[in-house]
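For reference, run-v1.pdb is printed below; it contains PDB, C-alpha atoms.
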MODEL        1
ATOM      1  CA  MET A   1       8.312 -31.916  47.316  1.00  0.00           C
ATOM      2  CA  PRO A   2      12.000 -30.902  47.527  1.00  0.00           C
ATOM      3  CA  GLY A   3      11.258 -27.159  47.092  1.00  0.00           C
ATOM      4  CA  GLN A   4       9.329 -27.105  50.388  1.00  0.00           C
ATOM      5  CA  LYS A   5      12.592 -27.190  52.367  1.00  0.00           C
ATOM      6  CA  LEU A   6      13.362 -23.746  50.992  1.00  0.00           C
ATOM      7  CA  ASP A   7      11.792 -20.453  51.929  1.00  0.00           C
ATOM      8  CA  ASP A   8      11.140 -17.529  49.569  1.00  0.00           C
ATOM      9  CA  ILE A   9      14.583 -15.991  50.201  1.00  0.00           C
ATOM     10  CA  ASP A  10      16.389 -19.284  49.527  1.00  0.00           C
ATOM     11  CA  ARG A  11      14.544 -19.679  46.227  1.00  0.00           C
ATOM     12  CA  MET A  12      15.337 -16.076  45.262  1.00  0.00           C
ATOM     13  CA  ILE A  13      19.016 -16.689  46.057  1.00  0.00           C
ATOM     14  CA  LEU A  14      19.021 -19.799  43.850  1.00  0.00           C
ATOM     15  CA  ALA A  15      17.245 -18.013  41.001  1.00  0.00           C
ATOM     16  CA  GLU A  16      19.646 -15.063  41.130  1.00  0.00           C
ATOM     17  CA  LEU A  17      22.758 -17.252  41.270  1.00  0.00           C
ATOM     18  CA  GLN A  18      21.443 -19.440  38.464  1.00  0.00           C
ATOM     19  CA  ALA A  19      21.084 -16.332  36.301  1.00  0.00           C
ATOM     20  CA  ASP A  20      24.450 -14.835  37.324  1.00  0.00           C
ATOM     21  CA  GLY A  21      26.806 -16.919  39.438  1.00  0.00           C
ATOM     22  CA  ARG A  22      29.511 -14.232  39.316  1.00  0.00           C
ATOM     23  CA  MET A  23      27.735 -11.571  41.332  1.00  0.00           C
ATOM     24  CA  THR A  24      29.198 -10.603  44.675  1.00  0.00           C
ATOM     25  CA  ASN A  25      27.545 -11.604  47.900  1.00  0.00           C
ATOM     26  CA  VAL A  26      26.786  -7.917  48.557  1.00  0.00           C
ATOM     27  CA  GLU A  27      24.961  -7.628  45.216  1.00  0.00           C
ATOM     28  CA  LEU A  28      23.113 -10.896  45.812  1.00  0.00           C
ATOM     29  CA  ALA A  29      22.029  -9.778  49.284  1.00  0.00           C
ATOM     30  CA  LYS A  30      20.752  -6.500  47.841  1.00  0.00           C
ATOM     31  CA  ARG A  31      18.762  -8.288  45.136  1.00  0.00           C
ATOM     32  CA  VAL A  32      17.059 -10.653  47.602  1.00  0.00           C
ATOM     33  CA  GLY A  33      16.484  -7.994  50.263  1.00  0.00           C
ATOM     34  CA  ILE A  34      18.676  -9.151  53.148  1.00  0.00           C
ATOM     35  CA  SER A  35      22.045  -8.070  54.525  1.00  0.00           C
ATOM     36  CA  ALA A  36      25.300  -9.642  53.339  1.00  0.00           C
ATOM     37  CA  PRO A  37      26.257 -11.846  56.356  1.00  0.00           C
ATOM     38  CA  PRO A  38      22.986 -13.829  56.507  1.00  0.00           C
ATOM     39  CA  CYS A  39      22.990 -14.040  52.710  1.00  0.00           C
ATOM     40  CA  LEU A  40      26.434 -15.649  52.751  1.00  0.00           C
ATOM     41  CA  ARG A  41      25.318 -18.083  55.471  1.00  0.00           C
ATOM     42  CA  ARG A  42      22.299 -19.040  53.381  1.00  0.00           C
ATOM     43  CA  VAL A  43      24.444 -19.573  50.272  1.00  0.00           C
ATOM     44  CA  ARG A  44      26.836 -21.802  52.231  1.00  0.00           C
ATOM     45  CA  THR A  45      23.890 -23.779  53.624  1.00  0.00           C
ATOM     46  CA  LEU A  46      22.439 -24.197  50.113  1.00  0.00           C
ATOM     47  CA  GLU A  47      25.839 -25.416  48.901  1.00  0.00           C
ATOM     48  CA  GLU A  48      26.221 -27.884  51.791  1.00  0.00           C
ATOM     49  CA  ALA A  49      22.672 -29.198  51.287  1.00  0.00           C
ATOM     50  CA  GLY A  50      23.399 -29.879  47.606  1.00  0.00           C
ATOM     51  CA  PHE A  51      21.023 -27.306  46.114  1.00  0.00           C
ATOM     52  CA  ILE A  52      24.051 -25.535  44.623  1.00  0.00           C
ATOM     53  CA  ARG A  53      26.330 -28.088  42.981  1.00  0.00           C
ATOM     54  CA  GLY A  54      28.992 -25.686  41.778  1.00  0.00           C
ATOM     55  CA  TYR A  55      29.835 -22.582  39.793  1.00  0.00           C
ATOM     56  CA  HIS A  56      31.129 -22.459  36.251  1.00  0.00           C
ATOM     57  CA  ALA A  57      31.565 -20.225  33.246  1.00  0.00           C
ATOM     58  CA  ASP A  58      29.257 -20.820  30.285  1.00  0.00           C
ATOM     59  CA  VAL A  59      31.942 -21.110  27.608  1.00  0.00           C
ATOM     60  CA  ASN A  60      31.219 -21.037  23.892  1.00  0.00           C
ATOM     61  CA  PRO A  61      32.413 -24.377  22.451  1.00  0.00           C
ATOM     62  CA  ARG A  62      32.572 -23.090  18.863  1.00  0.00           C
ATOM     63  CA  GLU A  63      34.713 -20.110  19.861  1.00  0.00           C
ATOM     64  CA  LEU A  64      37.120 -22.605  21.425  1.00  0.00           C
ATOM     65  CA  GLY A  65      37.286 -24.687  18.264  1.00  0.00           C
ATOM     66  CA  PHE A  66      34.745 -27.393  19.115  1.00  0.00           C
ATOM     67  CA  GLU A  67      32.767 -27.230  15.893  1.00  0.00           C
ATOM     68  CA  VAL A  68      31.007 -30.589  16.200  1.00  0.00           C
ATOM     69  CA  GLN A  69      28.234 -31.431  18.657  1.00  0.00           C
ATOM     70  CA  VAL A  70      26.590 -34.836  18.488  1.00  0.00           C
ATOM     71  CA  PHE A  71      23.909 -36.684  20.419  1.00  0.00           C
ATOM     72  CA  ALA A  72      24.614 -40.409  20.581  1.00  0.00           C
ATOM     73  CA  MET A  73      21.839 -42.836  21.488  1.00  0.00           C
ATOM     74  CA  VAL A  74      23.388 -45.956  22.970  1.00  0.00           C
ATOM     75  CA  GLY A  75      21.799 -49.373  23.389  1.00  0.00           C
ATOM     76  CA  LEU A  76      23.452 -51.889  25.689  1.00  0.00           C
ATOM     77  CA  VAL A  77      23.448 -55.679  25.537  1.00  0.00           C
ATOM     78  CA  SER A  78      22.672 -55.962  29.252  1.00  0.00           C
ATOM     79  CA  GLN A  79      20.789 -53.576  31.519  1.00  0.00           C
ATOM     80  CA  ALA A  80      21.892 -55.240  34.743  1.00  0.00           C
ATOM     81  CA  GLU A  81      22.841 -52.605  37.310  1.00  0.00           C
ATOM     82  CA  VAL A  82      26.504 -53.623  37.283  1.00  0.00           C
ATOM     83  CA  ASP A  83      26.595 -53.157  33.489  1.00  0.00           C
ATOM     84  CA  LEU A  84      24.763 -49.812  33.604  1.00  0.00           C
ATOM     85  CA  SER A  85      27.180 -48.544  36.243  1.00  0.00           C
ATOM     86  CA  ALA A  86      30.181 -49.790  34.262  1.00  0.00           C
ATOM     87  CA  PHE A  87      28.989 -47.894  31.173  1.00  0.00           C
ATOM     88  CA  GLU A  88      28.426 -44.726  33.208  1.00  0.00           C
ATOM     89  CA  SER A  89      31.955 -45.026  34.605  1.00  0.00           C
ATOM     90  CA  LYS A  90      33.333 -45.451  31.099  1.00  0.00           C
ATOM     91  CA  CYS A  91      31.488 -42.294  29.997  1.00  0.00           C
ATOM     92  CA  MET A  92      33.101 -40.379  32.858  1.00  0.00           C
ATOM     93  CA  SER A  93      36.520 -41.201  31.388  1.00  0.00           C
ATOM     94  CA  TRP A  94      35.729 -39.929  27.874  1.00  0.00           C
ATOM     95  CA  PRO A  95      36.511 -36.199  27.553  1.00  0.00           C
ATOM     96  CA  LEU A  96      34.355 -35.753  24.438  1.00  0.00           C
ATOM     97  CA  VAL A  97      31.266 -36.931  26.365  1.00  0.00           C
ATOM     98  CA  ARG A  98      29.926 -33.856  28.134  1.00  0.00           C
ATOM     99  CA  GLU A  99      26.620 -35.311  29.337  1.00  0.00           C
ATOM    100  CA  CYS A 100      25.413 -38.854  29.918  1.00  0.00           C
ATOM    101  CA  HIS A 101      21.783 -39.659  30.714  1.00  0.00           C
ATOM    102  CA  MET A 102      20.218 -43.076  31.281  1.00  0.00           C
ATOM    103  CA  LEU A 103      16.778 -43.308  29.660  1.00  0.00           C
ATOM    104  CA  ASN A 104      13.863 -45.649  29.703  1.00  0.00           C
ATOM    105  CA  GLY A 105      12.451 -46.832  26.413  1.00  0.00           C
ATOM    106  CA  GLU A 106      14.173 -47.911  23.205  1.00  0.00           C
ATOM    107  CA  VAL A 107      17.523 -46.333  24.065  1.00  0.00           C
ATOM    108  CA  ASP A 108      19.518 -46.988  27.232  1.00  0.00           C
ATOM    109  CA  PHE A 109      21.658 -43.830  27.227  1.00  0.00           C
ATOM    110  CA  VAL A 110      21.895 -40.539  25.394  1.00  0.00           C
ATOM    111  CA  LEU A 111      25.295 -38.856  25.310  1.00  0.00           C
ATOM    112  CA  LYS A 112      26.010 -35.249  24.419  1.00  0.00           C
ATOM    113  CA  CYS A 113      29.419 -35.115  22.785  1.00  0.00           C
ATOM    114  CA  VAL A 114      31.606 -32.316  21.468  1.00  0.00           C
ATOM    115  CA  ALA A 115      34.630 -32.527  19.212  1.00  0.00           C
ATOM    116  CA  PRO A 116      36.850 -30.098  17.349  1.00  0.00           C
ATOM    117  CA  ASP A 117      36.017 -31.744  14.014  1.00  0.00           C
ATOM    118  CA  LEU A 118      34.127 -34.640  12.487  1.00  0.00           C
ATOM    119  CA  ARG A 119      37.257 -36.777  12.100  1.00  0.00           C
ATOM    120  CA  THR A 120      37.935 -36.580  15.856  1.00  0.00           C
ATOM    121  CA  PHE A 121      34.355 -37.563  16.665  1.00  0.00           C
ATOM    122  CA  GLN A 122      34.422 -40.429  14.144  1.00  0.00           C
ATOM    123  CA  ARG A 123      37.614 -41.745  15.725  1.00  0.00           C
ATOM    124  CA  PHE A 124      35.990 -41.619  19.173  1.00  0.00           C
ATOM    125  CA  LEU A 125      32.859 -43.297  17.821  1.00  0.00           C
ATOM    126  CA  THR A 126      34.643 -46.185  16.115  1.00  0.00           C
ATOM    127  CA  GLU A 127      37.600 -46.722  18.424  1.00  0.00           C
ATOM    128  CA  GLU A 128      36.020 -46.087  21.804  1.00  0.00           C
ATOM    129  CA  LEU A 129      32.238 -45.845  21.980  1.00  0.00           C
ATOM    130  CA  THR A 130      31.107 -48.644  19.658  1.00  0.00           C
ATOM    131  CA  SER A 131      33.906 -50.917  20.843  1.00  0.00           C
ATOM    132  CA  ALA A 132      33.188 -50.401  24.546  1.00  0.00           C
ATOM    133  CA  PRO A 133      32.098 -53.449  26.535  1.00  0.00           C
ATOM    134  CA  ASN A 134      28.341 -54.158  26.520  1.00  0.00           C
ATOM    135  CA  VAL A 135      27.550 -51.629  23.749  1.00  0.00           C
ATOM    136  CA  ALA A 136      25.101 -53.191  21.287  1.00  0.00           C
ATOM    137  CA  SER A 137      24.182 -50.183  19.147  1.00  0.00           C
ATOM    138  CA  VAL A 138      24.910 -46.505  18.677  1.00  0.00           C
ATOM    139  CA  LYS A 139      22.841 -44.054  16.652  1.00  0.00           C
ATOM    140  CA  THR A 140      24.157 -40.536  16.272  1.00  0.00           C
ATOM    141  CA  SER A 141      22.607 -37.203  15.355  1.00  0.00           C
ATOM    142  CA  LEU A 142      24.801 -34.267  14.415  1.00  0.00           C
ATOM    143  CA  VAL A 143      23.608 -30.941  15.817  1.00  0.00           C
ATOM    144  CA  ILE A 144      23.071 -28.390  13.052  1.00  0.00           C
ATOM    145  CA  ARG A 145      22.274 -25.527  15.427  1.00  0.00           C
ATOM    146  CA  GLY A 146      20.913 -24.997  18.902  1.00  0.00           C
ATOM    147  CA  ALA A 147      17.831 -22.881  19.533  1.00  0.00           C
ATOM    148  CA  LYS A 148      17.801 -23.003  23.348  1.00  0.00           C
ATOM    149  CA  ASP A 149      20.286 -23.952  26.044  1.00  0.00           C
ATOM    150  CA  GLU A 150      19.020 -22.826  29.446  1.00  0.00           C
ATOM    151  CA  PRO A 151      20.794 -23.994  32.589  1.00  0.00           C
ATOM    152  CA  GLY A 152      19.068 -25.085  35.762  1.00  0.00           C
ATOM    153  CA  VAL A 153      15.341 -25.007  36.391  1.00  0.00           C
ATOM    154  CA  PRO A 154      12.493 -22.569  35.605  1.00  0.00           C
ATOM    155  CA  PHE A 155      11.948 -20.879  38.968  1.00  0.00           C
ATOM    156  CA  ASP A 156       8.749 -19.188  37.756  1.00  0.00           C
ATOM    157  CA  VAL A 157       7.174 -22.643  37.315  1.00  0.00           C
ATOM    158  CA  LEU A 158       8.290 -23.643  40.823  1.00  0.00           C
ATOM    159  CA  GLU A 159       6.857 -20.448  42.327  1.00  0.00           C
ATOM    160  CA  ALA A 160       3.535 -20.935  40.501  1.00  0.00           C
ATOM    161  CA  ARG A 161       3.274 -24.499  41.769  1.00  0.00           C
ATOM    162  CA  LEU A 162       4.042 -23.428  45.342  1.00  0.00           C
ATOM    163  CA  ALA A 163       1.433 -20.664  45.100  1.00  0.00           C
ATOM    164  CA  GLN A 164      -1.213 -23.220  44.009  1.00  0.00           C
ATOM    165  CA  GLN A 165      -0.383 -25.444  46.969  1.00  0.00           C
ATOM    166  CA  ALA A 166      -0.637 -22.591  49.492  1.00  0.00           C
TER     167      ALA A 166
ENDMDL
END

How would this structure read if it were set down as structure tokens?
Amino acid sequence: MPGQKLDDIDRMILAELQADGRMTNVELAKRVGISAPPCLRRVRTLEEAGFIRGYHADVNPRELGFEVQVFAMVGLVSQAEVDLSAFESKCMSWPLVRECHMLNGEVDFVLKCVAPDLRTFQRFLTEELTSAPNVASVKTSLVIRGAKDEPGVPFDVLEARLAQQA
């Protein structure tokens, strides 16, 4: 289990930074009960090991004029690895695609897209997504509203699982 590489302090650091990535190292150290220098060393180690992938602001898309959010379910003609990788690379180049996940089942990929308006999304859909190489089908669902958008992982579930294994 990946979580076993981490001790209690490391997991507390990750949970605190996941909740508030802007806090100072001094505040973080205080919250997890260690002094600032070892806390900073631990954070750097967690970054280098890939447990912390980055830091970002949680911006409000609607406040910035991105009124449209759409999930697009994409079916491909071929699921050969070279074709899957080519589609993933194409998704990386599309600014409106904010997330791209390969699935198993009826759909090959689900894309989370944002756009300032429906016309912009429709243009992307017809001129870029559906006309991309290897795309066989696209089904879209317009988001009416979001009820939950939590980043990261539920650390309480991880801690409960570790406690059961102890």

Original post:
Can you tell me, as a ChimeraX atom specification, which residues sit within 9 Å of (31.1, -31.5, 17.4) in the file's frame, using all atoms listed in the file?
Top reply: /A:61-62,66-70,96,113-118,120-121,142-143

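Take CA of Met12 in chain A and CA of Ala29 in chain A: the distance between them is 10.0 Å.
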
Original post:
Quick one, how far is CA of Leu125 in chain A from CA of Asp149 in chain A?
Top reply: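 The value is 24.5 Å.
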
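Proximity ranking of A:Val32, A:Cys39, A:Met23, A:Val157 relative to Asp8 in chain A places A:Val32 first, based on all atoms listed in the file.
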
**OP:** Work out how far apart CA of Val107 in chain A and CA of Arg53 in chain A are and give it in Å to one decimal.
**Re:** 27.7 Å

Original post:
Which residue gives the smallest distance to Ser85 in chain A among A:Ala49, A:Met102, A:Val59, A:Val26, with only C-alpha atoms counted?
Top reply: A:Met102

Just need the box for range 129-144 of chain A, edges along x, y and z, holding every atom the file lists for it with 5 Å tacked onto each side, so centre and edge lengths in Å to one decimal, as lines of an AutoDock Vina configuration file.
center_x = 28.3
center_y = -41.3
center_z = 19.8
size_x = 21.3
size_y = 35.8
size_z = 23.5

**OP:** Using the chain letters and numbers from the file, give me the residues hit by the PyMOL selection byres ((chain A and resi 28) around 12), as a PyMOL selection string.
**Re:** chain A and resi 9-10+12-27+29-40+42-43

**OP:** Would you mind telling me which residue in A:Glu127, A:Asp108, A:Asp7, A:Glu48 lies nearest to Val77 in chain A when using only C-alpha atoms?
**Re:**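 Nearest to Val77 in chain A: A:Asp108.
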
**OP:** Specify as a list in words each residue included when the PyMOL selection byres ((chain A and resi 139) around 8) is applied to this file.
**Re:** Ala72, Met73, Val74, Ser137, Val138, Thr140 and Ser141 of chain A

Could you rebuild range 60-85 of chain A with N, CA, C and O atoms and give it back as an mmCIF file, in the frame of the given file?
data_model
loop_
_atom_site.group_PDB
_atom_site.id
_atom_site.type_symbol
_atom_site.label_atom_id
_atom_site.label_comp_id
_atom_site.auth_asym_id
_atom_site.auth_seq_id
_atom_site.Cartn_x
_atom_site.Cartn_y
_atom_site.Cartn_z
ATOM 1 N N ASN A 60 31.740 -20.809 25.234
ATOM 2 C CA ASN A 60 31.219 -21.037 23.892
ATOM 3 C C ASN A 60 32.097 -22.091 23.206
ATOM 4 O O ASN A 60 33.231 -21.795 22.822
ATOM 5 N N PRO A 61 31.585 -23.319 23.035
ATOM 6 C CA PRO A 61 32.413 -24.377 22.451
ATOM 7 C C PRO A 61 32.947 -24.031 21.064
ATOM 8 O O PRO A 61 34.107 -24.307 20.759
ATOM 9 N N ARG A 62 32.128 -23.410 20.229
ATOM 10 C CA ARG A 62 32.572 -23.090 18.863
ATOM 11 C C ARG A 62 33.700 -22.070 18.862
ATOM 12 O O ARG A 62 34.621 -22.161 18.058
ATOM 13 N N GLU A 63 33.636 -21.106 19.765
ATOM 14 C CA GLU A 63 34.713 -20.110 19.861
ATOM 15 C C GLU A 63 36.027 -20.753 20.290
ATOM 16 O O GLU A 63 37.093 -20.231 20.004
ATOM 17 N N LEU A 64 35.931 -21.888 20.985
ATOM 18 C CA LEU A 64 37.120 -22.605 21.425
ATOM 19 C C LEU A 64 37.546 -23.694 20.448
ATOM 20 O O LEU A 64 38.433 -24.484 20.729
ATOM 21 N N GLY A 65 36.885 -23.741 19.302
ATOM 22 C CA GLY A 65 37.286 -24.687 18.264
ATOM 23 C C GLY A 65 36.566 -26.016 18.291
ATOM 24 O O GLY A 65 36.961 -26.942 17.583
ATOM 25 N N PHE A 66 35.525 -26.156 19.099
ATOM 26 C CA PHE A 66 34.745 -27.393 19.115
ATOM 27 C C PHE A 66 33.545 -27.197 18.206
ATOM 28 O O PHE A 66 32.477 -26.773 18.621
ATOM 29 N N GLU A 67 33.751 -27.502 16.942
ATOM 30 C CA GLU A 67 32.767 -27.230 15.893
ATOM 31 C C GLU A 67 31.677 -28.292 15.806
ATOM 32 O O GLU A 67 30.631 -28.050 15.221
ATOM 33 N N VAL A 68 31.926 -29.471 16.358
ATOM 34 C CA VAL A 68 31.007 -30.589 16.200
ATOM 35 C C VAL A 68 30.342 -30.910 17.538
ATOM 36 O O VAL A 68 31.014 -31.064 18.555
ATOM 37 N N GLN A 69 29.009 -30.980 17.502
ATOM 38 C CA GLN A 69 28.234 -31.431 18.657
ATOM 39 C C GLN A 69 27.328 -32.547 18.169
ATOM 40 O O GLN A 69 26.644 -32.406 17.146
ATOM 41 N N VAL A 70 27.321 -33.652 18.906
ATOM 42 C CA VAL A 70 26.590 -34.836 18.488
ATOM 43 C C VAL A 70 25.848 -35.418 19.690
ATOM 44 O O VAL A 70 26.380 -35.446 20.798
ATOM 45 N N PHE A 71 24.619 -35.886 19.432
ATOM 46 C CA PHE A 71 23.909 -36.684 20.419
ATOM 47 C C PHE A 71 24.013 -38.129 19.980
ATOM 48 O O PHE A 71 23.708 -38.455 18.824
ATOM 49 N N ALA A 72 24.462 -38.988 20.876
ATOM 50 C CA ALA A 72 24.614 -40.409 20.581
ATOM 51 C C ALA A 72 23.638 -41.197 21.442
ATOM 52 O O ALA A 72 23.638 -41.057 22.670
ATOM 53 N N MET A 73 22.788 -41.982 20.793
ATOM 54 C CA MET A 73 21.839 -42.836 21.488
ATOM 55 C C MET A 73 22.438 -44.236 21.549
ATOM 56 O O MET A 73 22.721 -44.838 20.509
ATOM 57 N N VAL A 74 22.646 -44.711 22.762
ATOM 58 C CA VAL A 74 23.388 -45.956 22.970
ATOM 59 C C VAL A 74 22.466 -47.036 23.524
ATOM 60 O O VAL A 74 21.751 -46.806 24.510
ATOM 61 N N GLY A 75 22.498 -48.188 22.885
ATOM 62 C CA GLY A 75 21.799 -49.373 23.389
ATOM 63 C C GLY A 75 22.829 -50.350 23.925
ATOM 64 O O GLY A 75 23.869 -50.566 23.305
ATOM 65 N N LEU A 76 22.536 -50.926 25.071
ATOM 66 C CA LEU A 76 23.452 -51.889 25.689
ATOM 67 C C LEU A 76 22.928 -53.315 25.523
ATOM 68 O O LEU A 76 21.726 -53.527 25.351
ATOM 69 N N VAL A 77 23.821 -54.272 25.599
ATOM 70 C CA VAL A 77 23.448 -55.679 25.537
ATOM 71 C C VAL A 77 22.707 -56.055 26.819
ATOM 72 O O VAL A 77 21.667 -56.699 26.789
ATOM 73 N N SER A 78 23.245 -55.627 27.952
ATOM 74 C CA SER A 78 22.672 -55.962 29.252
ATOM 75 C C SER A 78 22.341 -54.688 30.018
ATOM 76 O O SER A 78 23.126 -53.737 30.013
ATOM 77 N N GLN A 79 21.180 -54.704 30.689
ATOM 78 C CA GLN A 79 20.789 -53.576 31.519
ATOM 79 C C GLN A 79 20.871 -53.926 33.003
ATOM 80 O O GLN A 79 20.256 -53.264 33.835
ATOM 81 N N ALA A 80 21.662 -54.917 33.333
ATOM 82 C CA ALA A 80 21.892 -55.240 34.743
ATOM 83 C C ALA A 80 22.599 -54.042 35.383
ATOM 84 O O ALA A 80 23.396 -53.351 34.738
ATOM 85 N N GLU A 81 22.306 -53.797 36.629
ATOM 86 C CA GLU A 81 22.841 -52.605 37.310
ATOM 87 C C GLU A 81 24.365 -52.526 37.219
ATOM 88 O O GLU A 81 24.913 -51.453 36.992
ATOM 89 N N VAL A 82 25.044 -53.631 37.358
ATOM 90 C CA VAL A 82 26.504 -53.623 37.283
ATOM 91 C C VAL A 82 26.966 -53.155 35.898
ATOM 92 O O VAL A 82 27.951 -52.421 35.771
ATOM 93 N N ASP A 83 26.234 -53.540 34.850
ATOM 94 C CA ASP A 83 26.595 -53.157 33.489
ATOM 95 C C ASP A 83 26.254 -51.693 33.213
ATOM 96 O O ASP A 83 27.004 -50.994 32.526
ATOM 97 N N LEU A 84 25.124 -51.231 33.742
ATOM 98 C CA LEU A 84 24.763 -49.812 33.604
ATOM 99 C C LEU A 84 25.803 -48.928 34.286
ATOM 100 O O LEU A 84 26.266 -47.935 33.728
ATOM 101 N N SER A 85 26.177 -49.316 35.494
ATOM 102 C CA SER A 85 27.180 -48.544 36.243
ATOM 103 C C SER A 85 28.538 -48.561 35.549
ATOM 104 O O SER A 85 29.244 -47.552 35.528
#
